[in-house]
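A short write-up of the structure that comes next.
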Amino acid sequence: MIGLALAKSLYALPTWTRVVALVADHWRLQRVLGCEGDPPSKWAAYRFATKLRENGDKVERCIDSVVEGLKAKLPTYGTDLAIDASDMPAYAAGHRFTPTGKVRERYSDPDATWGHRSAVSVRKGGGFYGFKLHLAACTKTGLPVAWHVEAANEAESLFSAPLIDVARGRGLLVDTVAMDRGYDIGRVHEECAERDCLPVVPLKQTPGVKRGDHLPPSCEHGTWKFAGSDRKRGASKWRCPTGECRPASTWIKASRLHPLIPYGTDRWRKLYRGRSAVEREFGRLKNEWGLKPLRVRGLERVRLHADLTVLTKLACALSRARSTRSLAPSRSKEPQVRGRAAGASSGAGSGARSPSGICHSGG
Ligand SMILES: [Zn+2]
């Protein structure tokens with residue numbers, strides 16, 4: 001049944017009914033899942049989904065252990081994060097009025113709400129009815145680290161700190177976090193400081209920024225130069241360019257206007273460029289791993305759908321990381337052992353992905 005859940009995301013199928021139909025059609029897939037000649041019924045699949053919802057802590061522990069395995073194989077995983085939120089339109093219309101003009105009393109998905117999303121490609125931005133996926137992705141490996149599904153009207157900035165906490169709880173370093181302008185709030189910077197994590201967020205044009213409060217100090221010798229940050233002290237050091245002023249340097253306490261990684265430095269720019277990792281990950285999860293379209297209603301079901309989708313993606317990444325690492329040293333010595341090890345470790349990933357004769361549109 002776990003394999004069935006993985007196959008659902010691997011083949012980007014929106015419903016259990018279609019997963020069961022696919023498995024029933026292909027004996028190789030049945031062999032991989034260990035149910036050759038006796039594929040599960042759709043009722044069994046839906047019962048299993050109910051059990052997964054009731055035992056959310058077990059799913060959570062499963063995710064934790066996959067993340068732990070990835071951390072062991074990919075040392076940079078979880079060091080620099082990018083956080084953002086993306087729309088997940090509900091499996092419901094959500095219009096406030098019925099076709100006859102009356103105010104709607106019953107919604108097919110009462111947990112979903114109206115929220116705002118930005119424009120993507122030729123699709124206009126605007127309101128949508130549904131949920132939002134708040135995601136923290138690793139900028140080095142491009143893999144998800146922590147995520148949370150909430151109704152669409154919840155503000156994004158509320159979820160940066162909880163996501164950092166989840167990532168830390170999974171044993172990841174979380175040194176820096178890149179976020180877009182929507183997270184440029186003093187509170188977000190404070191929450192990052194409390195967690196000893198460096199925020200990389202572009203400035204909103206607030207009155208203080210228009211006044212130039214965020215600019216480095218200056219004197220008659222020119223603009224002062226950044227001379228390093230002290231994380232323990234929570235302040236950055238700035239120096240007179242010629243060193244003729246007395247004192248020649250000063251400490252500025254970290255805040256939204258003066259973060260420990262100052263605006264305009266090469267390090268800030270490099271880290272902010274990494275933010276695109278989270279946008280790419282949204283695209284991959286939605287278009288290749290079946291996060292979209294939602295075919296379940298209710299927050300709990302949508303959360304399980306997101307959990308299983310991301311878990312499958314991470315499990316495949318782990319399987320790949322383990323097989324490539326174990327392949328390299330044994331290649332010259334024992335080719336037979338290598339073959340067996342590769343077959344065993346990629347059973348859930350590439351093995352399930354390429355049973356012959358299966359056509360799927362998910363890529
Ligand atoms: Zn000076």
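A note on labels: chains of the structure tokens are A, B, ... as shown, every chain counts residues from 1, and ligands are counted from 1 in their shown order.
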* Asked: Can I get the residues close to ligand 1 as number ranges by chain, where close means within 10 Å and we count only C-alpha atoms and all ligand atoms?
  -> A: 217-224, 239-249
* To do: Pull the helix (DSSP H, G or I) assignments for segment 188-329 of chain A out of DSSP run on the backbone, and list those residues as a ChimeraX atom specification.
  => /A:188-194,207-211,266-273,276-287,299-329
* Asked: Near Ala146 of chain A, counting only C-alpha atoms, which residues have an atom at most 12 Å away, once you skip same-chain residues fewer than 2 positions from it, shown as a PyMOL selection string?
  -> chain A and resi 60+63-64+67+77-78+81-85+133-138+143-144+148-149+159-172+174+278+306-307+310-311+314
Store the residues picked out above in a file with N, CA and C atoms, as a CSV table (one decimal), in the first residue's frame.
```csv
chain,number,residue,atom,x,y,z
A,60,GLU,N,4.5,11.6,9.5
A,60,GLU,CA,5.5,12.6,9.8
A,60,GLU,C,6.9,12.0,10.1
A,63,ILE,N,8.6,10.9,7.0
A,63,ILE,CA,9.2,12.1,6.3
A,63,ILE,C,10.5,12.4,7.0
A,64,ASP,N,10.5,12.4,8.4
A,64,ASP,CA,11.7,12.8,9.1
A,64,ASP,C,12.8,11.8,8.8
A,67,VAL,N,14.3,12.6,5.3
A,67,VAL,CA,15.1,13.8,5.4
A,67,VAL,C,16.4,13.5,6.0
A,77,TYR,N,22.5,19.7,2.1
A,77,TYR,CA,21.1,19.7,2.1
A,77,TYR,C,20.6,20.4,3.4
A,78,GLY,N,19.8,21.4,3.2
A,78,GLY,CA,19.2,22.1,4.3
A,78,GLY,C,20.0,23.2,4.9
A,81,LEU,N,18.1,27.9,2.7
A,81,LEU,CA,16.8,27.6,2.3
A,81,LEU,C,16.1,28.8,1.6
A,82,ALA,N,15.1,28.5,0.8
A,82,ALA,CA,14.3,29.5,0.2
A,82,ALA,C,12.8,29.2,0.6
A,83,ILE,N,12.1,30.2,1.0
A,83,ILE,CA,10.7,29.9,1.5
A,83,ILE,C,9.8,30.8,0.6
A,84,ASP,N,8.7,30.2,0.3
A,84,ASP,CA,7.6,30.9,-0.5
A,84,ASP,C,6.3,30.1,-0.3
A,85,ALA,N,5.3,30.7,-0.8
A,85,ALA,CA,4.0,30.0,-0.8
A,85,ALA,C,3.4,29.9,-2.2
A,133,LEU,N,0.3,26.2,-0.3
A,133,LEU,CA,1.4,25.4,0.1
A,133,LEU,C,2.5,26.3,0.5
A,134,HIS,N,2.9,26.3,1.8
A,134,HIS,CA,4.0,27.0,2.2
A,134,HIS,C,5.2,26.1,2.3
A,135,LEU,N,6.2,26.4,1.5
A,135,LEU,CA,7.3,25.5,1.3
A,135,LEU,C,8.7,26.1,1.6
A,136,ALA,N,9.5,25.3,2.2
A,136,ALA,CA,10.9,25.7,2.4
A,136,ALA,C,11.7,24.7,1.6
A,137,ALA,N,12.5,25.1,0.6
A,137,ALA,CA,13.3,24.3,-0.3
A,137,ALA,C,14.8,24.6,-0.1
A,138,CYS,N,15.6,23.6,-0.2
A,138,CYS,CA,17.0,23.8,-0.1
A,138,CYS,C,17.5,24.4,-1.4
A,143,LEU,N,15.8,20.4,-3.2
A,143,LEU,CA,14.8,19.5,-2.6
A,143,LEU,C,14.0,20.2,-1.5
A,144,PRO,N,12.7,19.8,-1.4
A,144,PRO,CA,11.9,20.4,-0.3
A,144,PRO,C,12.5,19.9,1.1
A,148,HIS,N,3.9,23.2,4.6
A,148,HIS,CA,2.7,23.3,5.4
A,148,HIS,C,1.6,23.8,4.5
A,149,VAL,N,0.4,23.1,4.6
A,149,VAL,CA,-0.7,23.5,3.8
A,149,VAL,C,-1.7,24.2,4.7
A,159,PHE,N,4.3,31.9,8.3
A,159,PHE,CA,4.8,30.5,8.2
A,159,PHE,C,6.3,30.3,8.1
A,160,SER,N,7.0,31.5,7.9
A,160,SER,CA,8.4,31.3,7.8
A,160,SER,C,9.1,30.7,9.0
A,161,ALA,N,8.7,31.2,10.2
A,161,ALA,CA,9.3,30.7,11.4
A,161,ALA,C,8.9,29.3,11.7
A,162,PRO,N,7.6,28.9,11.6
A,162,PRO,CA,7.3,27.5,11.8
A,162,PRO,C,8.1,26.5,10.8
A,163,LEU,N,8.2,27.0,9.6
A,163,LEU,CA,9.0,26.1,8.6
A,163,LEU,C,10.4,26.0,9.0
A,164,ILE,N,11.0,27.0,9.5
A,164,ILE,CA,12.4,27.0,10.0
A,164,ILE,C,12.5,26.0,11.1
A,165,ASP,N,11.5,26.1,12.0
A,165,ASP,CA,11.5,25.2,13.2
A,165,ASP,C,11.4,23.7,12.8
A,166,VAL,N,10.5,23.4,11.8
A,166,VAL,CA,10.3,22.1,11.4
A,166,VAL,C,11.7,21.6,10.7
A,167,ALA,N,12.3,22.4,9.9
A,167,ALA,CA,13.6,22.0,9.3
A,167,ALA,C,14.6,21.7,10.3
A,168,ARG,N,14.7,22.6,11.4
A,168,ARG,CA,15.7,22.4,12.4
A,168,ARG,C,15.3,21.1,13.2
A,169,GLY,N,14.0,20.9,13.4
A,169,GLY,CA,13.6,19.7,14.1
A,169,GLY,C,14.0,18.4,13.4
A,170,ARG,N,14.1,18.5,12.0
A,170,ARG,CA,14.6,17.4,11.2
A,170,ARG,C,16.1,17.3,11.1
A,171,GLY,N,16.8,18.1,11.9
A,171,GLY,CA,18.2,18.0,12.0
A,171,GLY,C,19.0,18.7,11.0
A,172,LEU,N,18.4,19.7,10.3
A,172,LEU,CA,19.0,20.5,9.3
A,172,LEU,C,19.6,21.8,9.9
A,174,VAL,N,20.0,25.0,8.5
A,174,VAL,CA,19.2,26.2,8.2
A,174,VAL,C,20.1,27.5,8.6
A,278,VAL,N,12.9,27.5,-4.8
A,278,VAL,CA,11.6,27.2,-4.3
A,278,VAL,C,10.5,27.3,-5.4
A,306,ALA,N,-0.5,16.5,-0.1
A,306,ALA,CA,0.8,17.2,-0.2
A,306,ALA,C,1.9,16.4,0.4
A,307,ASP,N,1.7,15.9,1.6
A,307,ASP,CA,2.7,15.1,2.3
A,307,ASP,C,3.2,13.9,1.5
A,310,VAL,N,5.2,15.1,-1.7
A,310,VAL,CA,6.6,15.6,-1.4
A,310,VAL,C,7.4,14.4,-0.9
A,311,LEU,N,6.8,13.5,-0.1
A,311,LEU,CA,7.5,12.3,0.4
A,311,LEU,C,8.0,11.5,-0.7
A,314,LEU,N,11.0,13.1,-2.3
A,314,LEU,CA,12.2,13.0,-1.4
A,314,LEU,C,12.7,11.5,-1.4
```
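Going from atom CA of Glu54 of chain A over to atom CA of Glu105 of chain A, you cover 28.8 Å.
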* In Å, how far is it from atom CA of Arg275 of chain A to atom CA of Asp180 of chain A? -> 7.9 Å
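Those residues in segment 180-346 of chain A carrying a DSSP assignment of strand (DSSP E), computed from the backbone, are Leu198, Pro199, Val200, Ser218, Cys219, Gly222, Thr223, Lys225, Phe226, Ala227, Gly228, Ser229, Asp230, Ala235, Ser236, Lys237, Trp238, Arg239, Ser249, Thr250, Trp251, Ile252 and Lys253 of chain A.
Our summary of the geometry notes that atom CA of Lys232 of chain A is positioned 13.4 Å from atom CA of Cys192 of chain A.
Using only C-alpha atoms, the smallest distance between any of A:Gly34, A:Gly101, A:Gly127, A:Gly234 and Arg195 of chain A comes from A:Gly234.
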* Which is closest to Asn287 of chain A among A:Thr309, A:Ser41, A:Ser319, A:Thr17, if we use only C-alpha atoms? -> A:Thr309
Show which residues sit within 10 Å of Thr76 of chain A, as a PDB file with C-alpha atoms, in the first residue's frame. Count only C-alpha atoms, and ignore same-chain residues fewer than 6 positions away.
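Output file around.pdb follows:
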```pdb
ATOM      1  CA  LEU A  70      19.128  12.701   2.576  1.00  0.00           C
ATOM      2  CA  CYS A 138      17.036  23.773  -0.111  1.00  0.00           C
ATOM      3  CA  THR A 139      18.753  26.089  -2.606  1.00  0.00           C
ATOM      4  CA  LYS A 140      21.776  23.784  -3.070  1.00  0.00           C
ATOM      5  CA  THR A 141      19.943  20.548  -3.847  1.00  0.00           C
ATOM      6  CA  LEU A 172      19.038  20.466   9.288  1.00  0.00           C
ATOM      7  CA  LEU A 173      21.381  23.418   9.728  1.00  0.00           C
TER       8      LEU A 173
END
```
